[in-house]
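Printed here is upload_38.txt (compact mmCIF, N, CA and C atoms):
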# COMPACT_ATOMS: atom_id res chain seq x y z
N MET A 1 111.14 119.81 104.73
CA MET A 1 110.00 118.92 104.59
C MET A 1 108.71 119.71 104.79
N LEU A 2 107.71 119.30 104.09
CA LEU A 2 106.40 119.90 104.21
C LEU A 2 105.77 119.42 105.52
N PHE A 3 105.42 120.36 106.39
CA PHE A 3 104.88 119.98 107.70
C PHE A 3 103.38 119.76 107.68
N ILE A 4 102.75 120.19 106.62
CA ILE A 4 101.31 119.95 106.45
C ILE A 4 101.17 118.64 105.69
N PRO A 5 100.39 117.69 106.20
CA PRO A 5 100.20 116.45 105.44
C PRO A 5 99.64 116.76 104.04
N PRO A 6 100.14 116.10 103.01
CA PRO A 6 99.70 116.40 101.64
C PRO A 6 98.18 116.41 101.45
N PRO A 7 97.40 115.48 102.05
CA PRO A 7 95.95 115.58 101.86
C PRO A 7 95.37 116.87 102.46
N LEU A 8 95.93 117.32 103.58
CA LEU A 8 95.46 118.57 104.17
C LEU A 8 95.86 119.76 103.30
N LEU A 9 97.07 119.73 102.75
CA LEU A 9 97.49 120.77 101.82
C LEU A 9 96.53 120.85 100.64
N CYS A 10 96.16 119.69 100.12
CA CYS A 10 95.22 119.63 99.00
C CYS A 10 93.89 120.28 99.39
N LEU A 11 93.41 119.96 100.57
CA LEU A 11 92.15 120.53 101.06
C LEU A 11 92.26 122.04 101.24
N LEU A 12 93.35 122.51 101.80
CA LEU A 12 93.54 123.95 102.00
C LEU A 12 93.60 124.69 100.67
N ILE A 13 94.34 124.14 99.73
CA ILE A 13 94.43 124.77 98.41
C ILE A 13 93.07 124.73 97.72
N GLY A 14 92.37 123.60 97.83
CA GLY A 14 91.03 123.50 97.24
C GLY A 14 90.08 124.53 97.82
N THR A 15 90.17 124.77 99.12
CA THR A 15 89.34 125.79 99.77
C THR A 15 89.68 127.17 99.23
N ALA A 16 90.97 127.46 99.12
CA ALA A 16 91.39 128.75 98.58
C ALA A 16 90.91 128.93 97.14
N MET A 17 90.94 127.85 96.36
CA MET A 17 90.48 127.91 94.98
C MET A 17 89.01 128.33 94.91
N TYR A 18 88.22 127.86 95.85
CA TYR A 18 86.80 128.18 95.87
C TYR A 18 86.55 129.67 96.05
N PHE A 19 87.41 130.32 96.83
CA PHE A 19 87.21 131.73 97.16
C PHE A 19 87.90 132.70 96.20
N LEU A 20 88.57 132.18 95.19
CA LEU A 20 89.20 133.06 94.21
C LEU A 20 88.14 133.77 93.37
N PRO A 21 88.39 135.01 92.99
CA PRO A 21 87.41 135.72 92.17
C PRO A 21 87.28 135.07 90.79
N LYS A 22 86.08 135.13 90.25
CA LYS A 22 85.85 134.57 88.91
C LYS A 22 86.47 135.51 87.89
N VAL A 23 87.39 134.98 87.12
CA VAL A 23 88.04 135.77 86.09
C VAL A 23 87.47 135.42 84.73
N ALA A 24 87.48 134.16 84.42
CA ALA A 24 86.91 133.68 83.16
C ALA A 24 86.23 132.36 83.46
N SER A 25 84.95 132.29 83.18
CA SER A 25 84.17 131.09 83.48
C SER A 25 84.13 130.16 82.27
N TYR A 26 83.95 128.90 82.55
CA TYR A 26 83.78 127.89 81.51
C TYR A 26 82.96 126.76 82.13
N SER A 27 82.49 125.87 81.29
CA SER A 27 81.75 124.72 81.83
C SER A 27 82.32 123.44 81.22
N VAL A 28 82.25 122.39 82.02
CA VAL A 28 82.75 121.08 81.61
C VAL A 28 81.65 120.08 81.93
N HIS A 29 81.43 119.14 81.05
CA HIS A 29 80.42 118.12 81.28
C HIS A 29 80.77 117.33 82.54
N PHE A 30 79.77 117.02 83.35
CA PHE A 30 80.00 116.34 84.62
C PHE A 30 80.68 114.99 84.44
N ALA A 31 80.45 114.33 83.31
CA ALA A 31 81.07 113.03 83.06
C ALA A 31 82.60 113.13 83.05
N VAL A 32 83.12 114.24 82.56
CA VAL A 32 84.57 114.44 82.54
C VAL A 32 85.09 114.56 83.98
N ILE A 33 84.39 115.34 84.78
CA ILE A 33 84.79 115.52 86.18
C ILE A 33 84.71 114.19 86.92
N ALA A 34 83.64 113.44 86.70
CA ALA A 34 83.48 112.14 87.35
C ALA A 34 84.59 111.18 86.94
N PHE A 35 84.98 111.23 85.67
CA PHE A 35 86.08 110.38 85.20
C PHE A 35 87.38 110.72 85.93
N VAL A 36 87.69 112.01 86.05
CA VAL A 36 88.93 112.43 86.72
C VAL A 36 88.91 111.99 88.19
N ILE A 37 87.77 112.15 88.85
CA ILE A 37 87.66 111.73 90.26
C ILE A 37 87.82 110.22 90.39
N THR A 38 87.17 109.48 89.52
CA THR A 38 87.29 108.02 89.54
C THR A 38 88.72 107.59 89.30
N PHE A 39 89.37 108.20 88.34
CA PHE A 39 90.77 107.89 88.04
C PHE A 39 91.65 108.19 89.26
N SER A 40 91.37 109.30 89.92
CA SER A 40 92.10 109.67 91.13
C SER A 40 91.97 108.60 92.22
N PHE A 41 90.74 108.14 92.46
CA PHE A 41 90.51 107.12 93.48
C PHE A 41 91.18 105.79 93.11
N LEU A 42 91.16 105.43 91.84
CA LEU A 42 91.82 104.20 91.40
C LEU A 42 93.33 104.27 91.63
N ILE A 43 93.92 105.40 91.31
CA ILE A 43 95.35 105.58 91.51
C ILE A 43 95.69 105.53 93.00
N ALA A 44 94.92 106.25 93.81
CA ALA A 44 95.17 106.26 95.26
C ALA A 44 95.02 104.86 95.84
N GLY A 45 93.96 104.18 95.49
CA GLY A 45 93.72 102.84 96.02
C GLY A 45 94.80 101.86 95.62
N SER A 46 95.21 101.91 94.36
CA SER A 46 96.22 100.96 93.91
C SER A 46 97.59 101.26 94.53
N SER A 47 97.88 102.53 94.78
CA SER A 47 99.17 102.84 95.39
C SER A 47 99.20 102.44 96.86
N VAL A 48 98.12 102.66 97.59
CA VAL A 48 98.04 102.23 98.99
C VAL A 48 98.13 100.70 99.05
N LEU A 49 97.47 100.02 98.14
CA LEU A 49 97.52 98.57 98.10
C LEU A 49 98.96 98.07 97.91
N GLN A 50 99.71 98.71 97.02
CA GLN A 50 101.10 98.31 96.80
C GLN A 50 101.93 98.47 98.07
N PHE A 51 101.72 99.56 98.80
CA PHE A 51 102.45 99.77 100.05
C PHE A 51 102.04 98.72 101.09
N PHE A 52 100.76 98.39 101.12
CA PHE A 52 100.27 97.38 102.06
C PHE A 52 100.88 96.01 101.75
N ILE A 53 100.89 95.65 100.48
CA ILE A 53 101.46 94.37 100.06
C ILE A 53 102.94 94.29 100.43
N ARG A 54 103.66 95.38 100.24
CA ARG A 54 105.10 95.40 100.52
C ARG A 54 105.41 95.69 101.98
N LYS A 55 104.37 95.92 102.78
CA LYS A 55 104.52 96.17 104.23
C LYS A 55 105.47 97.32 104.53
N THR A 56 105.21 98.45 103.89
CA THR A 56 105.99 99.65 104.14
C THR A 56 105.03 100.80 104.43
N THR A 57 105.54 101.87 104.96
CA THR A 57 104.70 102.98 105.42
C THR A 57 104.22 103.87 104.26
N ILE A 58 103.02 104.40 104.43
CA ILE A 58 102.52 105.40 103.48
C ILE A 58 102.65 106.80 104.06
N ASN A 59 103.14 106.90 105.29
CA ASN A 59 103.27 108.18 105.97
C ASN A 59 104.44 108.97 105.39
N PRO A 60 104.18 110.12 104.74
CA PRO A 60 105.26 110.87 104.12
C PRO A 60 106.17 111.57 105.13
N HIS A 61 105.81 111.55 106.40
CA HIS A 61 106.64 112.18 107.43
C HIS A 61 107.39 111.15 108.27
N ASP A 62 107.32 109.89 107.89
CA ASP A 62 107.91 108.82 108.67
C ASP A 62 108.87 108.00 107.81
N PHE A 63 109.91 108.67 107.32
CA PHE A 63 110.85 108.03 106.41
C PHE A 63 111.51 106.80 107.02
N LYS A 64 111.82 106.84 108.30
CA LYS A 64 112.61 105.76 108.91
C LYS A 64 111.89 104.42 108.89
N HIS A 65 110.58 104.42 108.68
CA HIS A 65 109.83 103.17 108.61
C HIS A 65 109.64 102.68 107.17
N THR A 66 110.33 103.33 106.24
CA THR A 66 110.31 102.86 104.86
C THR A 66 111.18 101.61 104.79
N THR A 67 110.56 100.48 104.49
CA THR A 67 111.29 99.21 104.51
C THR A 67 111.70 98.74 103.13
N GLN A 68 110.96 99.17 102.10
CA GLN A 68 111.23 98.69 100.74
C GLN A 68 110.97 99.79 99.74
N LEU A 69 111.66 99.70 98.63
CA LEU A 69 111.37 100.56 97.49
C LEU A 69 110.24 99.92 96.70
N VAL A 70 109.14 100.61 96.58
CA VAL A 70 107.99 100.07 95.85
C VAL A 70 108.07 100.59 94.42
N SER A 71 108.22 99.66 93.48
CA SER A 71 108.33 100.05 92.07
C SER A 71 107.44 99.18 91.19
N THR A 72 106.46 98.52 91.80
CA THR A 72 105.55 97.66 91.06
C THR A 72 104.17 98.31 90.98
N GLY A 73 103.29 97.70 90.21
CA GLY A 73 101.94 98.23 90.08
C GLY A 73 101.95 99.64 89.51
N ILE A 74 101.18 100.51 90.11
CA ILE A 74 101.06 101.89 89.66
C ILE A 74 102.40 102.62 89.73
N PHE A 75 103.30 102.16 90.59
CA PHE A 75 104.61 102.79 90.75
C PHE A 75 105.52 102.55 89.55
N GLN A 76 105.08 101.75 88.59
CA GLN A 76 105.81 101.59 87.33
C GLN A 76 105.58 102.79 86.41
N PHE A 77 104.54 103.57 86.71
CA PHE A 77 104.16 104.69 85.84
C PHE A 77 104.37 106.05 86.48
N SER A 78 104.38 106.09 87.81
CA SER A 78 104.56 107.34 88.55
C SER A 78 105.31 107.04 89.84
N ARG A 79 106.31 107.88 90.16
CA ARG A 79 107.02 107.69 91.42
C ARG A 79 106.19 108.21 92.59
N ASN A 80 105.17 108.99 92.30
CA ASN A 80 104.37 109.61 93.36
C ASN A 80 102.88 109.51 93.07
N PRO A 81 102.36 108.30 92.92
CA PRO A 81 100.94 108.19 92.55
C PRO A 81 99.98 108.71 93.61
N MET A 82 100.35 108.67 94.88
CA MET A 82 99.46 109.21 95.90
C MET A 82 99.32 110.72 95.74
N TYR A 83 100.43 111.38 95.45
CA TYR A 83 100.38 112.82 95.22
C TYR A 83 99.68 113.12 93.90
N LEU A 84 99.88 112.26 92.92
CA LEU A 84 99.18 112.40 91.64
C LEU A 84 97.67 112.32 91.85
N SER A 85 97.23 111.43 92.71
CA SER A 85 95.78 111.31 92.96
C SER A 85 95.24 112.58 93.59
N LEU A 86 96.01 113.20 94.49
CA LEU A 86 95.57 114.47 95.08
C LEU A 86 95.54 115.57 94.02
N LEU A 87 96.54 115.57 93.15
CA LEU A 87 96.57 116.55 92.06
C LEU A 87 95.35 116.39 91.15
N LEU A 88 94.99 115.15 90.86
CA LEU A 88 93.81 114.91 90.02
C LEU A 88 92.53 115.41 90.70
N MET A 89 92.46 115.28 92.02
CA MET A 89 91.29 115.81 92.74
C MET A 89 91.22 117.33 92.59
N LEU A 90 92.37 118.01 92.65
CA LEU A 90 92.38 119.46 92.46
C LEU A 90 92.02 119.82 91.02
N ILE A 91 92.43 119.00 90.07
CA ILE A 91 92.05 119.24 88.68
C ILE A 91 90.54 119.09 88.52
N ALA A 92 89.98 118.05 89.11
CA ALA A 92 88.52 117.84 89.06
C ALA A 92 87.81 119.03 89.71
N TRP A 93 88.34 119.50 90.82
CA TRP A 93 87.74 120.64 91.52
C TRP A 93 87.80 121.89 90.65
N SER A 94 88.93 122.10 89.97
CA SER A 94 89.05 123.25 89.05
C SER A 94 88.03 123.16 87.94
N LEU A 95 87.85 121.96 87.41
CA LEU A 95 86.85 121.77 86.35
C LEU A 95 85.45 122.05 86.87
N TRP A 96 85.16 121.59 88.08
CA TRP A 96 83.85 121.80 88.69
C TRP A 96 83.58 123.28 88.93
N LEU A 97 84.60 123.99 89.43
CA LEU A 97 84.43 125.41 89.72
C LEU A 97 84.22 126.24 88.45
N GLY A 98 84.80 125.78 87.35
CA GLY A 98 84.63 126.51 86.10
C GLY A 98 85.23 127.90 86.13
N ASN A 99 86.27 128.09 86.91
CA ASN A 99 86.92 129.38 87.07
C ASN A 99 88.37 129.24 86.62
N SER A 100 88.75 129.95 85.61
CA SER A 100 90.11 129.84 85.08
C SER A 100 91.17 130.15 86.13
N LEU A 101 90.88 131.07 87.02
CA LEU A 101 91.84 131.43 88.06
C LEU A 101 92.09 130.28 89.05
N ALA A 102 91.12 129.38 89.18
CA ALA A 102 91.27 128.26 90.10
C ALA A 102 92.43 127.35 89.72
N TRP A 103 92.83 127.37 88.47
CA TRP A 103 93.95 126.53 88.03
C TRP A 103 95.26 126.93 88.71
N LEU A 104 95.29 128.12 89.29
CA LEU A 104 96.47 128.51 90.07
C LEU A 104 96.69 127.56 91.23
N GLY A 105 95.61 127.05 91.81
CA GLY A 105 95.73 126.10 92.91
C GLY A 105 96.44 124.82 92.48
N VAL A 106 96.16 124.36 91.29
CA VAL A 106 96.81 123.17 90.75
C VAL A 106 98.31 123.42 90.62
N ILE A 107 98.65 124.58 90.10
CA ILE A 107 100.06 124.94 89.92
C ILE A 107 100.76 125.07 91.27
N VAL A 108 100.11 125.73 92.22
CA VAL A 108 100.69 125.89 93.56
C VAL A 108 100.93 124.53 94.21
N PHE A 109 99.97 123.62 94.08
CA PHE A 109 100.13 122.29 94.66
C PHE A 109 101.36 121.59 94.09
N ILE A 110 101.52 121.62 92.78
CA ILE A 110 102.67 120.99 92.14
C ILE A 110 103.97 121.61 92.64
N LEU A 111 104.03 122.94 92.66
CA LEU A 111 105.26 123.62 93.08
C LEU A 111 105.60 123.33 94.54
N VAL A 112 104.61 123.39 95.42
CA VAL A 112 104.85 123.14 96.84
C VAL A 112 105.27 121.69 97.07
N MET A 113 104.57 120.77 96.44
CA MET A 113 104.91 119.35 96.62
C MET A 113 106.31 119.04 96.09
N ASN A 114 106.64 119.57 94.93
CA ASN A 114 107.97 119.33 94.37
C ASN A 114 109.06 119.90 95.28
N ARG A 115 108.87 121.12 95.72
CA ARG A 115 109.92 121.82 96.48
C ARG A 115 110.05 121.34 97.92
N PHE A 116 108.93 121.12 98.59
CA PHE A 116 108.99 120.88 100.03
C PHE A 116 108.75 119.44 100.46
N GLN A 117 108.29 118.59 99.56
CA GLN A 117 108.02 117.21 99.95
C GLN A 117 108.80 116.22 99.09
N ILE A 118 108.56 116.24 97.81
CA ILE A 118 109.10 115.21 96.93
C ILE A 118 110.62 115.23 96.87
N VAL A 119 111.22 116.41 96.76
CA VAL A 119 112.68 116.50 96.67
C VAL A 119 113.34 115.87 97.90
N ARG A 120 112.77 116.11 99.06
CA ARG A 120 113.35 115.55 100.29
C ARG A 120 113.11 114.04 100.38
N GLU A 121 111.95 113.60 99.94
CA GLU A 121 111.70 112.15 99.91
C GLU A 121 112.69 111.47 98.98
N GLU A 122 112.90 112.07 97.82
CA GLU A 122 113.81 111.48 96.85
C GLU A 122 115.23 111.41 97.40
N ALA A 123 115.66 112.44 98.10
CA ALA A 123 117.01 112.43 98.69
C ALA A 123 117.13 111.30 99.72
N TYR A 124 116.09 111.13 100.53
CA TYR A 124 116.12 110.06 101.52
C TYR A 124 116.15 108.69 100.84
N LEU A 125 115.27 108.50 99.87
CA LEU A 125 115.20 107.21 99.18
C LEU A 125 116.51 106.89 98.46
N GLU A 126 117.13 107.91 97.91
CA GLU A 126 118.42 107.70 97.24
C GLU A 126 119.49 107.30 98.25
N SER A 127 119.47 107.92 99.42
CA SER A 127 120.48 107.55 100.43
C SER A 127 120.22 106.15 100.98
N LYS A 128 118.95 105.75 101.05
CA LYS A 128 118.62 104.44 101.61
C LYS A 128 118.78 103.31 100.59
N PHE A 129 118.34 103.55 99.35
CA PHE A 129 118.31 102.48 98.35
C PHE A 129 119.37 102.62 97.25
N GLY A 130 120.11 103.72 97.25
CA GLY A 130 121.25 103.91 96.35
C GLY A 130 120.95 103.74 94.87
N ASP A 131 121.76 102.89 94.23
CA ASP A 131 121.65 102.70 92.78
C ASP A 131 120.30 102.17 92.35
N GLU A 132 119.68 101.36 93.18
CA GLU A 132 118.35 100.83 92.85
C GLU A 132 117.36 101.98 92.66
N TYR A 133 117.41 102.97 93.55
CA TYR A 133 116.50 104.11 93.44
C TYR A 133 116.91 105.02 92.27
N ARG A 134 118.19 105.20 92.07
CA ARG A 134 118.63 106.04 90.94
C ARG A 134 118.18 105.44 89.61
N ARG A 135 118.26 104.13 89.47
CA ARG A 135 117.75 103.47 88.24
C ARG A 135 116.25 103.68 88.11
N TYR A 136 115.56 103.52 89.22
CA TYR A 136 114.11 103.72 89.22
C TYR A 136 113.76 105.15 88.78
N LYS A 137 114.48 106.14 89.31
CA LYS A 137 114.24 107.54 88.93
C LYS A 137 114.47 107.76 87.44
N GLN A 138 115.45 107.07 86.87
CA GLN A 138 115.73 107.23 85.45
C GLN A 138 114.62 106.66 84.58
N ASN A 139 113.93 105.65 85.08
CA ASN A 139 112.93 104.94 84.27
C ASN A 139 111.49 105.38 84.51
N VAL A 140 111.23 106.02 85.63
CA VAL A 140 109.85 106.38 85.97
C VAL A 140 109.78 107.86 86.30
N ARG A 141 108.81 108.54 85.72
CA ARG A 141 108.66 109.98 85.93
C ARG A 141 108.16 110.28 87.34
N ARG A 142 108.43 111.51 87.77
CA ARG A 142 108.03 111.94 89.10
C ARG A 142 106.51 111.96 89.26
N TRP A 143 105.80 112.51 88.32
CA TRP A 143 104.34 112.61 88.42
C TRP A 143 103.66 111.60 87.51
N LEU A 144 103.88 111.72 86.23
CA LEU A 144 103.23 110.81 85.26
C LEU A 144 103.98 110.80 83.95

As structure tokens, the full file:
Amino acid sequence: MLFIPPPLLCLLIGTAMYFLPKVASYSVHFAVIAFVITFSFLIAGSSVLQFFIRKTTINPHDFKHTTQLVSTGIFQFSRNPMYLSLLLMLIAWSLWLGNSLAWLGVIVFILVMNRFQIVREEAYLESKFGDEYRRYKQNVRRWL
């Protein structure tokens, strides 16, 4: 399991992205960046709302308090919308930095989350919810 909370991991990777040397610069209109950030906040808000409605935990380190499988709302499109929202923030940050090398942070976030957080969450959810979770996994993608 990932011992660093995912939002903190996102912040640490974002900080590292800032200090990477400029390899190839580019510019993106601010409206695009604002759209990605807004989309990120909408996804995060709607996913937290779904957990609140279903009265289950949003804490990724507290599996035992998971009371229900949430597969409604935004969870119909992504099994991990909270992590997707963090990924979108890193994408917006990469666009803002305008540094091609910064995209490595986005890749690192995906790899670390898949390997150390999501795989273990999925194993737990499968053991707790069985066939219901396996069907959900077949119908809904991990990220988007």

* To do: Would you mind listing what lies within 8 Å of Phe77 in chain A as an NGL selection string, with only N, CA and C atoms counted and same-chain residues fewer than 3 positions away left out?
  => :A and (71-74 or 80-81 or 139-144)

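Coordinates place CA of Ala24 in chain A at a distance of 4.8 Å from atom N of Ser100 in chain A.
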
* Asked: Which is closer to Ile37 in chain A than all the others in A:Leu125, A:Ile91, A:Val70, A:Leu20, using only N, CA and C atoms?
  ->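 Smallest distance to Ile37 in chain A is found for A:Ile91.
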
* Asked: Can you tell me how far atom N of Ser94 in chain A sits from CA of Val28 in chain A, in Å to one decimal?
  ->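 One can read the atom N of Ser94 in chain A to CA of Val28 in chain A distance as 10.4 Å.
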
* Asked: Out of range 32-108 of chain A, which residues get helix (DSSP H, G or I) from DSSP, as a PyMOL selection string?
  -> chain A and resi 32-54+63-65+73-76+81-97+100-108

Which residues of range 27-122 of chain A come within 10 Å of range 7-11 of chain A, and what is each one's closest atom pair and distance in Å (one decimal), counting only C-alpha atoms, sorted by chain and residue number, as a Markdown table?
| residue | atom | partner | partner_atom | distance |
| --- | --- | --- | --- | --- |
| A:Met82 | CA | A:Pro7 | CA | 9.4 |
| A:Tyr83 | CA | A:Pro7 | CA | 8.4 |
| A:Ser85 | CA | A:Pro7 | CA | 9.9 |
| A:Leu86 | CA | A:Cys10 | CA | 6.5 |
| A:Leu87 | CA | A:Cys10 | CA | 7.7 |
| A:Met89 | CA | A:Cys10 | CA | 8.3 |
| A:Leu90 | CA | A:Cys10 | CA | 7.1 |
| A:Gly105 | CA | A:Cys10 | CA | 8.9 |
| A:Val106 | CA | A:Cys10 | CA | 9.1 |
| A:Val108 | CA | A:Cys10 | CA | 9.9 |
| A:Phe109 | CA | A:Cys10 | CA | 7.1 |
| A:Val112 | CA | A:Leu9 | CA | 9.2 |
| A:Met113 | CA | A:Leu9 | CA | 9.2 |

* To do: Measuring atom to atom with all atoms listed in the file, identify which of A:Ser127, A:Ala44, A:Asn114, A:Ala102 is nearest to Val23 in chain A.
  =>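 Selected residue with least distance to Val23 in chain A: A:Ala102.
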
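Our summary of the geometry notes that atom C of Leu104 in chain A is positioned 7.3 Å from CA of Met17 in chain A.
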
* Taking all atoms listed in the file into account, which of A:Glu121, A:Pro60, A:Gly14, A:Leu95 comes nearest Ile33 in chain A? ->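 The closest residue to Ile33 in chain A is A:Leu95.
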
* To do: With a distance cut-off of 8 Å and only N, CA and C atoms, select the neighbouring residues of Ser25 in chain A, excluding the residue or stretch itself and same-chain residues fewer than 6 positions from it, and output the selection as a list in words.
  => Leu97, Gly98, Asn99, Ser100 and Leu101 of chain A

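Using only C-alpha atoms, the shortest contact distance between Phe129 in chain A and any of A:Val32, A:Ile53, A:Asn59, A:Gln68 is found at A:Gln68.
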
Spatial neighbours of Thr67 in chain A, max dist 6.5 Å, only N, CA and C atoms, sep filter under 2 positions, as a PDB file with N, CA and C atoms, in the coordinates of the input:
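Output file result_19.pdb is given in full below:
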ATOM      1  N   LYS A  55     104.370  95.920 102.780  1.00  0.00           N
ATOM      2  CA  LYS A  55     104.520  96.170 104.230  1.00  0.00           C
ATOM      3  C   LYS A  55     105.470  97.320 104.530  1.00  0.00           C
ATOM      4  N   THR A  56     105.210  98.450 103.890  1.00  0.00           N
ATOM      5  CA  THR A  56     105.990  99.650 104.140  1.00  0.00           C
ATOM      6  C   THR A  56     105.030 100.800 104.430  1.00  0.00           C
ATOM      7  N   THR A  57     105.540 101.870 104.960  1.00  0.00           N
ATOM      8  CA  THR A  57     104.700 102.980 105.420  1.00  0.00           C
ATOM      9  C   THR A  57     104.220 103.870 104.260  1.00  0.00           C
ATOM     10  N   LYS A  64     111.820 106.840 108.300  1.00  0.00           N
ATOM     11  CA  LYS A  64     112.610 105.760 108.910  1.00  0.00           C
ATOM     12  C   LYS A  64     111.890 104.420 108.890  1.00  0.00           C
ATOM     13  N   HIS A  65     110.580 104.420 108.680  1.00  0.00           N
ATOM     14  CA  HIS A  65     109.830 103.170 108.610  1.00  0.00           C
ATOM     15  C   HIS A  65     109.640 102.680 107.170  1.00  0.00           C
ATOM     16  N   LEU A  69     111.660  99.700  98.630  1.00  0.00           N
ATOM     17  CA  LEU A  69     111.370 100.560  97.490  1.00  0.00           C
ATOM     18  C   LEU A  69     110.240  99.920  96.700  1.00  0.00           C
TER      19      LEU A  69
END

Listed atoms of range 46-61 of chain A boxed axis-aligned with 3 Å per side, centre + edges as JSON:
{"center_x": 101.3, "center_y": 103.2, "center_z": 101.1, "size_x": 18.2, "size_y": 23.9, "size_z": 20.4}
